[in-house]
Amino acid sequence: MKYIDEFRDGELAKNIVANILREAAGDKSYSFMEFCGGHTHAISRYGIADLLPANVRMIHGPGCPVCVLPIGRIDQAIRLALEQNVIVCTYADTLRVPASDNLSLMRAKARGGDVRMIYSPQDALKIARDNPGREVVFFAIGFETTTPPTALIIKQAADEGIPNFSVLCNHVLTPAAITHILQSPEVRQYGTVPLDGFIGPAHVSVVIGSQPYEHFAHEYRKPVVIAGFEPLDVLQAILMLIRQINAGRAEVENEFTRAVTREGNLKAQAMVSEVLELRRSFEWRGLGEVPYSALKIRPAYAQFDAEARYGIGYKPVADNKACECGAILRGVKKPQDCKVFGTVCTPENPLGSCMVSSEGACAAHYSYGRYKDIEVVSA
Amino acid sequence: MSGAVKKGYVRGLDIKNGRVDMSHGSGGRAMAQLIEEMFAAAFDNEYLRQGNDGALLPTAGGRLVMATDAHVVSPLFFPGGDIGCLSVHGTINDVAVMGAKPLYLAASFILEEGFPLADLQRIVHSMAAASREAGVPVVTGDTKVVEQGKADGVFITTTGVGVVMDGVDLSGANVRPGDVILLSGSMGDHGMAIMSRRENLAFDVPIESDTAALHHLIAAMLDSGADIRCLRDPTRGGLATTLNEIAKQSAVGLTINEEAIPVKPVVAAACEFLGLDPLYVANEGKLIAICAAGDAEKLLAAMRAHPLGGDAAIIGAAYADPHHFVQMKTAFGGRRNVDWLAGEQLPRIC
């Protein structure tokens with residue numbers, strides 16, 4: 001595959017790894033958080049952690065969209081499907097996220113709810129057009145990457161006057177989550193989470209640009225390197241972070257120049273701000289209430305806002321007590337520190353949200369890396 | 001199948017505009033007519049012609065192998081095949097990977113009221129052609145009709161029987177450390193062909209299903225004299241899941257080399273686009289063979305000499321591992337677990 005294989009070249013990887021080993025030599029330790037689930041997945045899938053020296057540690061961040069979705073939000077979608085008889089459309093990973101009463105959207109479907117998996121929000125709009133006698137709700141989740149398509153279909157639905165369509169909007173914002181982590185007591189006061197820098201998001205940054213991260217570099221003195229999701233991107237970003245630290249710099253650097261500019265996609269940003277506005281606060285799984293961290297539908301488009309349309313209030317629900325997803329999402333714990341990891345909680349029967357998506361820290365470690373936790377027989 | 005209807009007194013089935021209705025499953029004259037004009041006409045053979053409730057078959061020497069497979073694929077017609085030929089190939093392959101020569105098939109149809117007879121005929125003709133080409137006749141069958149909305153067009157269950165010659169002993173439990181893993185060809189073609197035609201996903205790429213009957217390839221492999229431990233067709237769950245099944249059954253670890261696994265560029269690109277891993281995508285005309293290390297080259301040559309094994313490759317080996325992990329050396333230079341498929345990658349693939 002042209003333009004992809006080049007970024008998975010094992011020979012080039014050896015060169016970068018050799019540079020990392022040389023430049024990270026010495027007693028200094030380096031702890032970097034990869035914010036995005038896409039990076040978490042690449043690190044696990046390509047065995048990148050194996051290639052790094054022991055003093056360079058990667059911490060998985062909260063940038064996996066289904067991982068940070070709180071139980072209460074999924075409960076809302078399930079109620080719409082089971083009690084209001086609406087067609088609920090959503091992305092595949094969202095279907096398996098555990099919710100209250102031992103339900104998930106997939107289990108709600110087995111109980112008779114009309115829940116449909118879609119690949120694009122345009123499909124949700126099409127389902128609404130094709131079923132004029134039914135109410136159709138798009139259960140929208142994700143970071144800035146998936147937000148513009150949601151804004152677009154709301155605008156399209158308004159322009160076309162589609163009366164049976166609405167959106168349950170749960171879009172969240174990356175910079176707010178990074179601020180929250182940097183402000184957390186584990187990072188600021190106790191120092192239990194050593195955090196020397198961030199690998200910045202790939203696709204999110206295509207939309208929002210590199211500018212929003214400059215605040216973290218200037219105010220918190222943490223270097224940020226925006227990187228693509230291919231394994232060479234990740235390795236190169238780690239090397240760039242090490243170089244910044246060694247030189248005492250804290251800047252925003254862009255490894256992903258083939259797709260990210262400082263300003264980002266202005267057209268997409270304009271579309272989003274036309275249709276959506278900031279929520280005062282939003283609950284994240286693992287992080288709790290985070291101020292100004294999510295988006296809701298503007299009053300001008302209220303008829304397409306499922307929350308208003310069906311009057312479904314939000315009721316927060318506590319995570320299972322044994323589940324460590326919260327600590328894992330904040331970088332305080334690793335998947336294997338959780339007592340239920342791989343025992344009660346597996347990808348087939350996830351107890352916590354991090355075990356659901358292949359971008360989740362637990363699912364990635366379970367699928368690709370768990371052999372490292374036990375005495376391994378080398379092949 | 002039973003029932004004979006006198007020609008001349010009965011108006012023929014309206015294949016062009018007709019649709020399946022409840023009477024086609026009622027046991028009466030309409031059903032007899034459907035069976036005769038649709039199924040018996042297409043599958044015609046001496047055993048089916050007996051017209052009894054079951055087929056009376058001559059037995060052959062050796063041990064009997066029996067396998068059954070229900071087919072619910074959506075869409076019914078896809079690039080490279082349809083539910084008809086798929087239902088023949090799938091069951092023949094399940095019998096053949098046991099090392100058996102497939103002899104007979106039984107076919108059971110669940111039809112949805114309202115299904116166009118023209119589409120049914122297309123499916124039945126494709127099935128009959130596949131069965132004839134494979135030399136494995138459909139000797140008995142059944143038809144049921146359910147109300148509209150209770151099924152999705154056509155579901156077909158096929159059952160196959162075959163015989164295994166003395167001295168052939170293939171099982172997923174036979175693999176030993178040191179054995180070598182071979183693959184007959186490229187991974188993921190069937191799954192991505194189906195995916196490319198799904199209503200909500202349609203993308204225009206020239207990917208055809210690899211649906212094919214593998215018994216002739218398998219016969220050639222057995223004839224090569226190689227010490228084969230196990231054959232498996234990696235259908236649902238793909239190569240990754242099938243290897244995990246074998247590792248568990250044989251209580252060994254398996255290791256594969258990512259660079260050695262054949263994947264067509266167009267399939268790799270489509271998987272990349274949809275975020276799928278070709279190792280988990282279904283195949284319908286490929287097999288995994290595991291054999292004694294010393295016979296690997298001989299077996300590879302036999303596979304490559306057959307049209308369905310032209311891209312065959314050695315992809316890995318078995319080793320002693322109490323955890324029965326499947327591991328992969330990645331093209332990037334790292335090593336990782338290749339786990340069982342979790343959840344559902346693509347429903348109704350076959």
# chains A, B, ... in the order shown; residues from 1 in each chain; ligands from 1
>>> residues_around(residues="Leu125 (chain A)", least_positions_apart="3", cutoff="9 Å", atoms="only C-alpha atoms", output="ChimeraX atom specification")
/A:121-122,128-130,136,138,153-154,156-157,162,165
>>> write_last_selection(atoms="C-alpha atoms", output="PDB file, in the first residue's frame")
ATOM      1  CA  PRO A 121     -23.230   9.396  10.188  1.00  0.00           C
ATOM      2  CA  GLN A 122     -24.543   9.790   6.620  1.00  0.00           C
ATOM      3  CA  ALA A 128     -34.130   8.324   8.723  1.00  0.00           C
ATOM      4  CA  ARG A 129     -35.031   9.149   5.112  1.00  0.00           C
ATOM      5  CA  ASP A 130     -35.840   5.476   4.390  1.00  0.00           C
ATOM      6  CA  VAL A 136     -34.127   7.777  14.238  1.00  0.00           C
ATOM      7  CA  PHE A 138     -27.698   8.998  15.933  1.00  0.00           C
ATOM      8  CA  ILE A 153     -25.632  15.764   9.199  1.00  0.00           C
ATOM      9  CA  ILE A 154     -27.468  18.007  11.676  1.00  0.00           C
ATOM     10  CA  GLN A 156     -28.211  18.561   6.338  1.00  0.00           C
ATOM     11  CA  ALA A 157     -31.221  17.339   8.314  1.00  0.00           C
ATOM     12  CA  ILE A 162     -36.065  15.674   7.985  1.00  0.00           C
ATOM     13  CA  PHE A 165     -34.079  12.532  12.870  1.00  0.00           C
TER      14      PHE A 165
END
>>> select_by_dssp(residues="region 73-241 of chain B", states="alpha helix (DSSP H)", output="number ranges by chain")
B: 83-96, 117-134, 189-195, 215-223, 238-241
>>> write_last_selection(atoms="C-alpha atoms", output="mmCIF file, in the first residue's frame")
data_model
loop_
_atom_site.group_PDB
_atom_site.id
_atom_site.type_symbol
_atom_site.label_atom_id
_atom_site.label_comp_id
_atom_site.auth_asym_id
_atom_site.auth_seq_id
_atom_site.Cartn_x
_atom_site.Cartn_y
_atom_site.Cartn_z
ATOM 1 C CA ILE B 83 -25.248 -18.269 -1.242
ATOM 2 C CA GLY B 84 -25.855 -21.248 -3.581
ATOM 3 C CA CYS B 85 -22.295 -22.138 -4.570
ATOM 4 C CA LEU B 86 -21.082 -21.041 -1.118
ATOM 5 C CA SER B 87 -23.351 -23.604 0.562
ATOM 6 C CA VAL B 88 -21.876 -26.363 -1.608
ATOM 7 C CA HIS B 89 -18.230 -25.290 -1.205
ATOM 8 C CA GLY B 90 -18.491 -24.671 2.539
ATOM 9 C CA THR B 91 -19.708 -28.157 3.379
ATOM 10 C CA ILE B 92 -17.464 -29.960 0.890
ATOM 11 C CA ASN B 93 -14.509 -28.167 2.502
ATOM 12 C CA ASP B 94 -15.589 -29.135 6.013
ATOM 13 C CA VAL B 95 -15.666 -32.793 4.933
ATOM 14 C CA ALA B 96 -12.479 -32.580 2.868
ATOM 15 C CA LEU B 117 -38.621 -17.326 -7.781
ATOM 16 C CA ALA B 118 -36.197 -15.929 -10.361
ATOM 17 C CA ASP B 119 -33.641 -15.244 -7.604
ATOM 18 C CA LEU B 120 -34.284 -18.671 -6.118
ATOM 19 C CA GLN B 121 -33.622 -20.265 -9.478
ATOM 20 C CA ARG B 122 -30.386 -18.332 -9.901
ATOM 21 C CA ILE B 123 -29.237 -19.617 -6.506
ATOM 22 C CA VAL B 124 -30.311 -23.212 -7.189
ATOM 23 C CA HIS B 125 -28.581 -23.217 -10.596
ATOM 24 C CA SER B 126 -25.386 -21.889 -9.024
ATOM 25 C CA MET B 127 -25.611 -24.630 -6.383
ATOM 26 C CA ALA B 128 -26.204 -27.316 -8.983
ATOM 27 C CA ALA B 129 -23.274 -26.096 -11.086
ATOM 28 C CA ALA B 130 -20.986 -26.087 -8.045
ATOM 29 C CA SER B 131 -22.114 -29.578 -7.067
ATOM 30 C CA ARG B 132 -21.595 -30.926 -10.582
ATOM 31 C CA GLU B 133 -18.207 -29.291 -10.937
ATOM 32 C CA ALA B 134 -17.136 -30.785 -7.615
ATOM 33 C CA ASP B 189 -10.812 -12.153 -0.009
ATOM 34 C CA HIS B 190 -14.266 -13.536 0.876
ATOM 35 C CA GLY B 191 -14.903 -11.256 3.831
ATOM 36 C CA MET B 192 -13.871 -8.110 1.985
ATOM 37 C CA ALA B 193 -15.897 -9.094 -1.123
ATOM 38 C CA ILE B 194 -18.999 -9.339 1.083
ATOM 39 C CA MET B 195 -18.096 -6.131 2.891
ATOM 40 C CA HIS B 215 -11.223 -31.399 -2.047
ATOM 41 C CA HIS B 216 -9.166 -31.827 -5.227
ATOM 42 C CA LEU B 217 -6.350 -29.689 -3.807
ATOM 43 C CA ILE B 218 -6.532 -31.727 -0.602
ATOM 44 C CA ALA B 219 -6.444 -35.017 -2.545
ATOM 45 C CA ALA B 220 -3.273 -33.815 -4.288
ATOM 46 C CA MET B 221 -1.761 -32.860 -0.934
ATOM 47 C CA LEU B 222 -2.551 -36.280 0.546
ATOM 48 C CA ASP B 223 -1.119 -37.949 -2.572
ATOM 49 C CA GLY B 238 -10.071 -15.849 9.842
ATOM 50 C CA LEU B 239 -6.525 -17.181 10.074
ATOM 51 C CA ALA B 240 -5.955 -15.781 13.573
ATOM 52 C CA THR B 241 -8.925 -17.498 15.183
#
>>> closest_residue(among="A:Lys28, A:Lys126, A:His60, A:His215", to="chain B", atoms="only C-alpha atoms")
A:Lys126
>>> closest_residue(among="A:Val167, A:Ala364, A:Cys354, A:Ile181", to="chain B", atoms="only C-alpha atoms")
A:Ala364
>>> interface_residues(of="chain B", to="chain A", cutoff="7 Å", atoms="only C-alpha atoms", output="PyMOL selection string")
chain B and resi 200+255+265+269+319+321+330-339+342-343
>>> atom_distance(atom1="CA of Pro70 (chain A)", atom2="CA of Ala177 (chain A)")
14.4 Å
>>> atom_distance(atom1="CA of Tyr104 (chain B)", atom2="CA of Val138 (chain B)")
6.1 Å
>>> residues_around(residues="Ser205 (chain A)", least_positions_apart="6", cutoff="8 Å", atoms="only C-alpha atoms", output="mmCIF file with N, CA and C atoms, in the first residue's frame")
data_model
loop_
_atom_site.group_PDB
_atom_site.id
_atom_site.type_symbol
_atom_site.label_atom_id
_atom_site.label_comp_id
_atom_site.auth_asym_id
_atom_site.auth_seq_id
_atom_site.Cartn_x
_atom_site.Cartn_y
_atom_site.Cartn_z
ATOM 1 N N ILE A 226 3.133 16.222 17.931
ATOM 2 C CA ILE A 226 1.972 15.671 17.229
ATOM 3 C C ILE A 226 2.475 14.616 16.259
ATOM 4 N N VAL A 260 -1.136 17.742 9.232
ATOM 5 C CA VAL A 260 -1.533 18.716 10.261
ATOM 6 C C VAL A 260 -0.871 20.079 10.017
ATOM 7 N N GLY A 264 -5.176 24.058 11.438
ATOM 8 C CA GLY A 264 -6.136 22.966 11.305
ATOM 9 C C GLY A 264 -7.108 23.206 10.162
#
>>> residues_around(residues="Phe229 (chain A)", least_positions_apart="2", cutoff="7 Å", atoms="only C-alpha atoms", output="ChimeraX atom specification")
/A:38-39,42,202,227,231,233-234
>>> residues_around(residues="region 146-151 of chain A", least_positions_apart="3", cutoff="6 Å", atoms="only C-alpha atoms", output="list in words")
Gly142, Ile154, Ala268, Val272 and Val275 of chain A
>>> write_last_selection(atoms="N, CA and C atoms", output="mmCIF file, in the first residue's frame")
data_model
loop_
_atom_site.group_PDB
_atom_site.id
_atom_site.type_symbol
_atom_site.label_atom_id
_atom_site.label_comp_id
_atom_site.auth_asym_id
_atom_site.auth_seq_id
_atom_site.Cartn_x
_atom_site.Cartn_y
_atom_site.Cartn_z
ATOM 1 N N GLY A 142 -17.209 10.626 20.354
ATOM 2 C CA GLY A 142 -15.881 10.798 19.792
ATOM 3 C C GLY A 142 -15.291 12.168 20.047
ATOM 4 N N ILE A 154 -26.428 17.202 11.015
ATOM 5 C CA ILE A 154 -27.468 18.007 11.676
ATOM 6 C C ILE A 154 -27.879 19.150 10.743
ATOM 7 N N ALA A 268 -13.971 22.863 8.667
ATOM 8 C CA ALA A 268 -14.603 21.933 9.613
ATOM 9 C C ALA A 268 -14.880 22.637 10.943
ATOM 10 N N VAL A 272 -18.534 23.100 12.767
ATOM 11 C CA VAL A 272 -18.803 22.651 14.139
ATOM 12 C C VAL A 272 -19.347 23.809 14.983
ATOM 13 N N VAL A 275 -23.049 24.717 14.472
ATOM 14 C CA VAL A 275 -24.099 23.791 14.913
ATOM 15 C C VAL A 275 -23.991 23.435 16.402
#
>>> closest_residue(among="B:Arg348, B:Lys264, B:His24, B:Arg19", to="Ser74 (chain B)", atoms="only C-alpha atoms")
B:Arg348
>>> select_by_dssp(residues="region 10-102 of chain B", states="strand (DSSP E)", output="number ranges by chain")
B: 63-71, 77-78, 81-82, 100-102
>>> atom_distance(atom1="CA of Ala81 (chain A)", atom2="CA of Asp114 (chain A)")
6.1 Å
>>> residues_around(residues="Pro262 (chain B)", least_positions_apart="4", cutoff="8 Å", atoms="only C-alpha atoms", output="list in words")
Gly185, Ser186, Met187, Asp311 and Ala313 of chain B
>>> write_last_selection(atoms="N, CA and C atoms", output="PDB file, in the first residue's frame")
ATOM      1  N   GLY B 185      -3.134 -19.804   0.210  1.00  0.00           N
ATOM      2  CA  GLY B 185      -3.229 -18.604  -0.629  1.00  0.00           C
ATOM      3  C   GLY B 185      -3.582 -17.381   0.191  1.00  0.00           C
ATOM      4  N   SER B 186      -4.027 -16.338  -0.507  1.00  0.00           N
ATOM      5  CA  SER B 186      -4.187 -15.020   0.122  1.00  0.00           C
ATOM      6  C   SER B 186      -5.359 -14.975   1.095  1.00  0.00           C
ATOM      7  N   MET B 187      -5.211 -14.160   2.127  1.00  0.00           N
ATOM      8  CA  MET B 187      -6.192 -14.060   3.206  1.00  0.00           C
ATOM      9  C   MET B 187      -7.172 -12.900   3.008  1.00  0.00           C
ATOM     10  N   ASP B 311      -0.532 -19.687  -4.752  1.00  0.00           N
ATOM     11  CA  ASP B 311       0.146 -18.702  -3.895  1.00  0.00           C
ATOM     12  C   ASP B 311       0.492 -19.281  -2.523  1.00  0.00           C
ATOM     13  N   ALA B 313       2.194 -20.760   0.755  1.00  0.00           N
ATOM     14  CA  ALA B 313       3.415 -20.281   1.411  1.00  0.00           C
ATOM     15  C   ALA B 313       3.582 -20.958   2.763  1.00  0.00           C
TER      16      ALA B 313
END
